[in-house]
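The file structure.cif contains mmCIF, N, CA, C and O atoms:
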data_query
#
loop_
_atom_site.label_atom_id
_atom_site.label_comp_id
_atom_site.auth_asym_id
_atom_site.auth_seq_id
_atom_site.Cartn_x
_atom_site.Cartn_y
_atom_site.Cartn_z
N MET A 254 25.05 -43.30 -15.44
CA MET A 254 26.08 -44.08 -16.09
C MET A 254 27.18 -43.16 -16.65
O MET A 254 28.35 -43.48 -16.59
N ARG A 255 26.76 -42.01 -17.19
CA ARG A 255 27.73 -41.09 -17.77
C ARG A 255 28.70 -40.55 -16.71
O ARG A 255 29.89 -40.44 -16.95
N GLN A 256 28.18 -40.22 -15.53
CA GLN A 256 29.05 -39.73 -14.45
C GLN A 256 30.05 -40.80 -14.04
O GLN A 256 31.22 -40.51 -13.79
N ARG A 257 29.62 -42.04 -13.99
CA ARG A 257 30.53 -43.13 -13.64
C ARG A 257 31.60 -43.29 -14.72
O ARG A 257 32.75 -43.58 -14.42
N GLY A 258 31.23 -43.08 -15.98
CA GLY A 258 32.19 -43.15 -17.08
C GLY A 258 33.23 -42.05 -17.02
O GLY A 258 34.37 -42.24 -17.43
N ARG A 259 32.85 -40.89 -16.51
CA ARG A 259 33.81 -39.80 -16.34
C ARG A 259 34.79 -40.09 -15.21
O ARG A 259 35.97 -39.76 -15.29
N LEU A 260 34.31 -40.71 -14.15
CA LEU A 260 35.11 -41.01 -12.98
C LEU A 260 36.03 -42.22 -13.21
O LEU A 260 37.07 -42.34 -12.58
N ALA A 261 35.66 -43.08 -14.13
CA ALA A 261 36.36 -44.34 -14.35
C ALA A 261 37.85 -44.17 -14.58
O ALA A 261 38.28 -43.28 -15.29
N GLY A 262 38.63 -45.04 -13.94
CA GLY A 262 40.07 -45.08 -14.15
C GLY A 262 40.88 -44.14 -13.29
O GLY A 262 42.08 -43.99 -13.49
N PHE A 263 40.28 -43.55 -12.27
CA PHE A 263 41.01 -42.58 -11.45
C PHE A 263 42.00 -43.26 -10.50
O PHE A 263 41.91 -44.45 -10.22
N SER A 264 42.95 -42.48 -10.03
CA SER A 264 43.94 -42.94 -9.05
C SER A 264 43.96 -41.98 -7.87
O SER A 264 43.66 -40.80 -8.01
N LEU A 265 44.34 -42.51 -6.71
CA LEU A 265 44.57 -41.70 -5.52
C LEU A 265 46.03 -41.85 -5.11
O LEU A 265 46.56 -42.97 -5.08
N PHE A 266 46.65 -40.74 -4.81
CA PHE A 266 48.05 -40.71 -4.38
C PHE A 266 48.13 -40.03 -3.02
O PHE A 266 47.42 -39.05 -2.78
N VAL A 267 48.99 -40.53 -2.15
CA VAL A 267 49.24 -39.92 -0.84
C VAL A 267 50.74 -39.72 -0.74
O VAL A 267 51.51 -40.67 -0.90
N SER A 268 51.15 -38.46 -0.49
CA SER A 268 52.59 -38.18 -0.42
C SER A 268 52.86 -37.03 0.54
O SER A 268 51.95 -36.31 0.94
N ASN A 269 54.11 -36.84 0.86
CA ASN A 269 54.52 -35.72 1.71
C ASN A 269 54.93 -34.50 0.91
O ASN A 269 55.09 -33.42 1.47
N ASN A 270 55.10 -34.66 -0.41
CA ASN A 270 55.59 -33.55 -1.22
C ASN A 270 54.67 -33.18 -2.39
O ASN A 270 55.01 -32.33 -3.19
N GLY A 271 53.54 -33.83 -2.53
CA GLY A 271 52.60 -33.52 -3.60
C GLY A 271 52.93 -34.17 -4.93
O GLY A 271 52.21 -34.01 -5.90
N VAL A 272 54.03 -34.95 -4.98
CA VAL A 272 54.43 -35.62 -6.21
C VAL A 272 53.63 -36.91 -6.35
O VAL A 272 53.47 -37.68 -5.40
N LYS A 273 53.11 -37.14 -7.54
CA LYS A 273 52.38 -38.38 -7.80
C LYS A 273 53.26 -39.30 -8.63
O LYS A 273 53.60 -39.01 -9.76
N ASP A 274 53.68 -40.38 -8.02
CA ASP A 274 54.44 -41.41 -8.72
C ASP A 274 53.94 -42.76 -8.25
O ASP A 274 53.10 -42.85 -7.35
N ILE A 275 54.43 -43.81 -8.84
CA ILE A 275 53.91 -45.15 -8.55
C ILE A 275 54.07 -45.52 -7.08
O ILE A 275 53.24 -46.22 -6.51
N SER A 276 55.10 -45.01 -6.42
CA SER A 276 55.30 -45.35 -5.01
C SER A 276 54.31 -44.65 -4.08
O SER A 276 54.08 -45.10 -2.97
N SER A 277 53.71 -43.55 -4.53
CA SER A 277 52.75 -42.85 -3.69
C SER A 277 51.30 -43.18 -4.06
O SER A 277 50.38 -42.69 -3.40
N ARG A 278 51.09 -44.01 -5.08
CA ARG A 278 49.72 -44.37 -5.46
C ARG A 278 49.17 -45.39 -4.47
O ARG A 278 49.76 -46.42 -4.23
N CYS A 279 48.01 -45.08 -3.90
CA CYS A 279 47.40 -46.01 -2.95
C CYS A 279 46.13 -46.65 -3.51
O CYS A 279 45.60 -47.58 -2.91
N TYR A 280 45.64 -46.18 -4.64
CA TYR A 280 44.45 -46.77 -5.26
C TYR A 280 44.44 -46.49 -6.75
O TYR A 280 44.77 -45.39 -7.18
N LYS A 281 44.04 -47.48 -7.54
CA LYS A 281 43.86 -47.33 -8.99
C LYS A 281 42.56 -48.01 -9.37
O LYS A 281 42.39 -49.21 -9.15
N ASP A 282 41.63 -47.27 -9.92
CA ASP A 282 40.33 -47.80 -10.34
C ASP A 282 40.43 -48.47 -11.70
O ASP A 282 41.24 -48.08 -12.52
N GLY A 283 39.59 -49.47 -11.93
CA GLY A 283 39.44 -50.02 -13.26
C GLY A 283 39.55 -51.52 -13.29
O GLY A 283 39.94 -52.13 -12.34
N PRO A 284 39.15 -52.10 -14.39
CA PRO A 284 38.58 -51.46 -15.57
C PRO A 284 37.06 -51.28 -15.51
O PRO A 284 36.48 -50.67 -16.38
N GLU A 285 36.40 -51.79 -14.47
CA GLU A 285 34.95 -51.62 -14.35
C GLU A 285 34.63 -50.18 -13.95
O GLU A 285 35.45 -49.49 -13.38
N LEU A 286 33.42 -49.75 -14.23
CA LEU A 286 32.99 -48.42 -13.82
C LEU A 286 32.83 -48.38 -12.30
O LEU A 286 32.26 -49.30 -11.71
N PRO A 287 33.33 -47.34 -11.66
CA PRO A 287 33.25 -47.25 -10.20
C PRO A 287 31.86 -46.81 -9.74
O PRO A 287 31.14 -46.15 -10.49
N PRO A 288 31.51 -47.11 -8.50
CA PRO A 288 30.27 -46.55 -7.96
C PRO A 288 30.45 -45.06 -7.73
O PRO A 288 31.58 -44.57 -7.55
N LEU A 289 29.38 -44.30 -7.73
CA LEU A 289 29.48 -42.87 -7.49
C LEU A 289 29.76 -42.54 -6.02
O LEU A 289 30.35 -41.53 -5.71
N ASN A 290 29.34 -43.42 -5.12
CA ASN A 290 29.64 -43.27 -3.71
C ASN A 290 30.75 -44.26 -3.40
O ASN A 290 30.51 -45.45 -3.26
N PHE A 291 31.96 -43.77 -3.30
CA PHE A 291 33.14 -44.62 -3.24
C PHE A 291 33.87 -44.46 -1.92
O PHE A 291 34.04 -43.35 -1.42
N THR A 292 34.33 -45.57 -1.35
CA THR A 292 35.13 -45.55 -0.13
C THR A 292 36.29 -46.51 -0.30
O THR A 292 36.12 -47.61 -0.84
N THR A 293 37.47 -46.10 0.13
CA THR A 293 38.63 -46.99 0.13
C THR A 293 39.49 -46.66 1.35
O THR A 293 39.33 -45.61 1.97
N THR A 294 40.40 -47.56 1.68
CA THR A 294 41.32 -47.36 2.78
C THR A 294 42.74 -47.41 2.24
O THR A 294 43.11 -48.36 1.57
N CYS A 295 43.50 -46.37 2.52
CA CYS A 295 44.91 -46.33 2.16
C CYS A 295 45.71 -46.41 3.45
O CYS A 295 45.57 -45.55 4.31
N ILE A 296 46.51 -47.44 3.57
CA ILE A 296 47.33 -47.61 4.77
C ILE A 296 48.68 -46.96 4.51
O ILE A 296 49.64 -47.61 4.11
N THR A 297 48.73 -45.66 4.68
CA THR A 297 49.95 -44.88 4.45
C THR A 297 49.81 -43.55 5.15
O THR A 297 48.77 -43.24 5.71
N SER A 298 50.84 -42.77 5.13
CA SER A 298 50.75 -41.43 5.71
C SER A 298 51.32 -40.43 4.71
O SER A 298 52.12 -40.78 3.85
N GLY A 299 50.87 -39.21 4.84
CA GLY A 299 51.34 -38.16 3.95
C GLY A 299 50.60 -36.87 4.21
O GLY A 299 49.60 -36.84 4.91
N ARG A 300 51.10 -35.83 3.63
CA ARG A 300 50.51 -34.50 3.79
C ARG A 300 49.50 -34.19 2.69
O ARG A 300 48.57 -33.43 2.87
N TYR A 301 49.69 -34.76 1.50
CA TYR A 301 48.86 -34.45 0.34
C TYR A 301 48.11 -35.69 -0.15
O TYR A 301 48.69 -36.77 -0.23
N VAL A 302 46.85 -35.50 -0.51
CA VAL A 302 46.06 -36.53 -1.18
C VAL A 302 45.72 -35.96 -2.55
O VAL A 302 45.14 -34.88 -2.65
N THR A 303 46.11 -36.69 -3.60
CA THR A 303 45.88 -36.23 -4.96
C THR A 303 44.93 -37.17 -5.68
O THR A 303 45.16 -38.38 -5.71
N PHE A 304 43.86 -36.62 -6.22
CA PHE A 304 42.93 -37.36 -7.09
C PHE A 304 43.38 -37.07 -8.51
O PHE A 304 43.50 -35.92 -8.90
N TYR A 305 43.61 -38.12 -9.29
CA TYR A 305 44.12 -37.93 -10.65
C TYR A 305 43.37 -38.84 -11.61
O TYR A 305 43.18 -40.03 -11.33
N ASN A 306 42.94 -38.28 -12.71
CA ASN A 306 42.24 -39.05 -13.73
C ASN A 306 42.75 -38.57 -15.08
O ASN A 306 42.79 -37.38 -15.35
N GLU A 307 43.14 -39.51 -15.92
CA GLU A 307 43.75 -39.14 -17.20
C GLU A 307 42.99 -39.75 -18.37
O GLU A 307 42.38 -40.80 -18.24
N ARG A 308 43.04 -39.05 -19.48
CA ARG A 308 42.54 -39.56 -20.75
C ARG A 308 43.54 -39.13 -21.82
O ARG A 308 43.79 -37.94 -21.99
N PHE A 309 44.10 -40.10 -22.51
CA PHE A 309 45.06 -39.82 -23.57
C PHE A 309 44.44 -40.13 -24.92
O PHE A 309 43.66 -41.08 -25.05
N ASP A 310 44.80 -39.36 -25.93
CA ASP A 310 44.24 -39.55 -27.27
C ASP A 310 44.61 -40.89 -27.89
O ASP A 310 43.84 -41.48 -28.62
N ASP A 311 45.79 -41.41 -27.61
CA ASP A 311 46.28 -42.61 -28.27
C ASP A 311 46.03 -43.90 -27.48
O ASP A 311 46.62 -44.93 -27.76
N VAL A 312 45.14 -43.86 -26.48
CA VAL A 312 44.85 -45.03 -25.64
C VAL A 312 43.42 -45.49 -25.89
O VAL A 312 42.51 -44.67 -26.01
N THR A 313 43.22 -46.79 -25.97
CA THR A 313 41.87 -47.35 -26.07
C THR A 313 41.41 -47.72 -24.67
O THR A 313 42.05 -48.52 -23.99
N TYR A 314 40.33 -47.11 -24.24
CA TYR A 314 39.81 -47.33 -22.89
C TYR A 314 38.67 -48.34 -22.92
O TYR A 314 38.02 -48.54 -23.95
N PRO A 315 38.40 -48.99 -21.78
CA PRO A 315 37.30 -49.95 -21.72
C PRO A 315 35.95 -49.32 -22.09
O PRO A 315 35.79 -48.09 -22.00
N GLU A 316 35.03 -50.15 -22.48
CA GLU A 316 33.69 -49.70 -22.84
C GLU A 316 33.07 -48.90 -21.69
O GLU A 316 33.30 -49.20 -20.53
N ASN A 317 32.33 -47.88 -22.02
CA ASN A 317 31.62 -46.98 -21.10
C ASN A 317 32.50 -45.93 -20.45
O ASN A 317 32.01 -45.11 -19.68
N TYR A 318 33.81 -45.91 -20.70
CA TYR A 318 34.65 -44.80 -20.22
C TYR A 318 34.32 -43.58 -21.08
O TYR A 318 34.31 -43.66 -22.30
N GLU A 319 34.05 -42.46 -20.44
CA GLU A 319 33.88 -41.21 -21.17
C GLU A 319 35.26 -40.72 -21.58
O GLU A 319 36.18 -40.68 -20.75
N THR A 320 35.43 -40.33 -22.84
CA THR A 320 36.76 -39.91 -23.30
C THR A 320 36.78 -38.52 -23.91
O THR A 320 37.84 -38.02 -24.25
N SER A 321 35.64 -37.88 -24.05
CA SER A 321 35.63 -36.52 -24.60
C SER A 321 34.88 -35.60 -23.64
O SER A 321 33.90 -35.99 -23.02
N ALA A 322 35.37 -34.39 -23.54
CA ALA A 322 34.78 -33.38 -22.66
C ALA A 322 34.60 -33.91 -21.23
O ALA A 322 33.58 -33.70 -20.60
N VAL A 323 35.61 -34.61 -20.74
CA VAL A 323 35.53 -35.22 -19.42
C VAL A 323 35.90 -34.18 -18.35
O VAL A 323 36.91 -33.51 -18.45
N HIS A 324 35.04 -34.05 -17.38
CA HIS A 324 35.32 -33.24 -16.21
C HIS A 324 34.79 -33.97 -14.99
O HIS A 324 33.84 -34.75 -15.08
N ILE A 325 35.41 -33.74 -13.86
CA ILE A 325 35.05 -34.44 -12.63
C ILE A 325 34.53 -33.42 -11.63
O ILE A 325 35.13 -32.37 -11.43
N SER A 326 33.42 -33.73 -11.00
CA SER A 326 32.88 -32.91 -9.92
C SER A 326 32.84 -33.78 -8.67
O SER A 326 32.07 -34.74 -8.61
N LEU A 327 33.68 -33.45 -7.71
CA LEU A 327 33.67 -34.17 -6.44
C LEU A 327 32.83 -33.36 -5.46
O LEU A 327 33.14 -32.20 -5.18
N CYS A 328 31.78 -33.95 -4.93
CA CYS A 328 30.89 -33.23 -4.03
C CYS A 328 31.43 -33.23 -2.61
O CYS A 328 31.27 -32.26 -1.89
N GLU A 329 32.05 -34.32 -2.21
CA GLU A 329 32.54 -34.40 -0.84
C GLU A 329 33.72 -35.36 -0.79
O GLU A 329 33.68 -36.44 -1.38
N VAL A 330 34.76 -34.96 -0.10
CA VAL A 330 35.92 -35.80 0.11
C VAL A 330 36.21 -35.78 1.61
O VAL A 330 36.34 -34.71 2.19
N ILE A 331 36.29 -36.94 2.20
CA ILE A 331 36.60 -37.05 3.62
C ILE A 331 37.90 -37.81 3.77
O ILE A 331 38.03 -38.91 3.23
N VAL A 332 38.85 -37.23 4.46
CA VAL A 332 40.11 -37.89 4.76
C VAL A 332 40.21 -38.02 6.26
O VAL A 332 40.14 -37.03 6.98
N ARG A 333 40.35 -39.26 6.71
CA ARG A 333 40.48 -39.50 8.14
C ARG A 333 41.88 -40.02 8.42
O ARG A 333 42.43 -40.79 7.65
N GLY A 334 42.42 -39.60 9.50
CA GLY A 334 43.75 -40.07 9.86
C GLY A 334 44.04 -39.73 11.30
O GLY A 334 43.20 -39.22 12.03
N ARG A 335 45.26 -40.02 11.67
CA ARG A 335 45.68 -39.66 13.01
C ARG A 335 47.05 -39.03 12.94
O ARG A 335 47.86 -39.35 12.07
N LYS A 336 47.30 -38.14 13.82
CA LYS A 336 48.56 -37.43 13.86
C LYS A 336 49.65 -38.39 14.36
O LYS A 336 49.45 -39.10 15.33
N THR A 337 50.79 -38.38 13.67
CA THR A 337 51.92 -39.19 14.10
C THR A 337 53.05 -38.27 14.51
O THR A 337 53.16 -37.15 14.04
N ASN A 338 53.88 -38.74 15.38
CA ASN A 338 55.02 -37.92 15.83
C ASN A 338 56.25 -38.18 15.01
O ASN A 338 56.52 -39.09 14.45
#

Will you turn the file into structure tokens for me?
Amino acid sequence: MRQRGRLAGFSLFVSNNGVKDISSRCYKDGPELPPLNFTTTCITSGRYVTFYNERFDDVTYPENYETSAVHISLCEVIVRGRKTN
């Protein structure tokens, strides 16, 4: 449960320049705790995939979100795609 609380609320961004903004976000988790084995499909193209998870001091997060000493360990990330011209 603690690992799921650390992972909770993450976002995935796909872009050609590494910039993470609302237009490049393809997934946003929440407010429920995510499964530890997670799969999603982003229908977009880009050179960079960014995993981002934030915790701010002045925000109240849903129950079971870990908010102190949070670190993420990703064991495996698979990105599948096809080359476009």

Checklist line | Answer key for the PyMOL selection byres ((chain A and resi 283-299) around 4.5), residues as a PyMOL selection string | finding: chain A and resi 257+268-269+281-282+300-301

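Residues surrounding Asn306 (chain A) within 8 Å are Arg259, Leu260, Ala261, Gly262, Phe263, Ser264, Leu265, Thr303, Phe309 and Val323 of chain A [all atoms listed in the file; sequence separation below 3 positions excluded].
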
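Secondary structure from DSSP on the backbone puts helix (DSSP H, G or I) at the following positions of chain A: Arg255, Gln256, Arg257, Gly258, Arg259, Leu260, Ile275, Ser276 and Ser277 of chain A.
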
Next item on the list: Could you expand the PyMOL selection byres ((chain A and resi 279) around 4.5) into the explicit residues it covers here, written as a list in words?
Entry: Leu265, Phe266, Ser277, Arg278 and Tyr280 of chain A

Next item on the list: Assign secondary structure with DSSP using the backbone only, and return the residues of chain A in strand (DSSP E or B) as a VMD selection string.
Entry: chain A and resid 264 to 268 278 to 281 301 to 305

Neighbour list for Ser321 (chain A) as a compact mmCIF listing (two decimals) with N, CA, C and O atoms, in the frame of the given file, cut-off 8 Å, only N, CA, C and O atoms, skip fewer than 3 positions in-chain:
# COMPACT_ATOMS: atom_id res chain seq x y z
N ARG A 259 32.85 -40.89 -16.51
CA ARG A 259 33.81 -39.80 -16.34
C ARG A 259 34.79 -40.09 -15.21
O ARG A 259 35.97 -39.76 -15.29
N ARG A 308 43.04 -39.05 -19.48
CA ARG A 308 42.54 -39.56 -20.75
C ARG A 308 43.54 -39.13 -21.82
O ARG A 308 43.79 -37.94 -21.99
N TYR A 318 33.81 -45.91 -20.70
CA TYR A 318 34.65 -44.80 -20.22
C TYR A 318 34.32 -43.58 -21.08
O TYR A 318 34.31 -43.66 -22.30
N HIS A 324 35.04 -34.05 -17.38
CA HIS A 324 35.32 -33.24 -16.21
C HIS A 324 34.79 -33.97 -14.99
O HIS A 324 33.84 -34.75 -15.08

Next item on the list: Give me, please, the distance in Å between CA of Gly258 (chain A) and atom C of Glu319 (chain A), quoted to one decimal.
Entry: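 Computing it gives 6.0 Å between the two atoms.
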
Note to self: Report, in Å to a single decimal, how far apart atom C of Cys328 (chain A) and atom C of Ile275 (chain A) are.
What the structure shows: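 Computing it gives 26.1 Å between the two atoms.
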
Notebook entry, point to check: Between CA of Gly334 (chain A) and CA of Glu307 (chain A), what is the distance, to one decimal in Å?
Noted result: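 Pair CA of Gly334 (chain A) / CA of Glu307 (chain A) returns 27.1 Å.
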
Item checked: Among the residues A:Thr313, A:Lys273, A:Val302, A:Gln256, the one that comes closest to Ile325 (chain A) [using only C-alpha atoms] ->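 Distance minimum relative to Ile325 (chain A) lands on A:Gln256.
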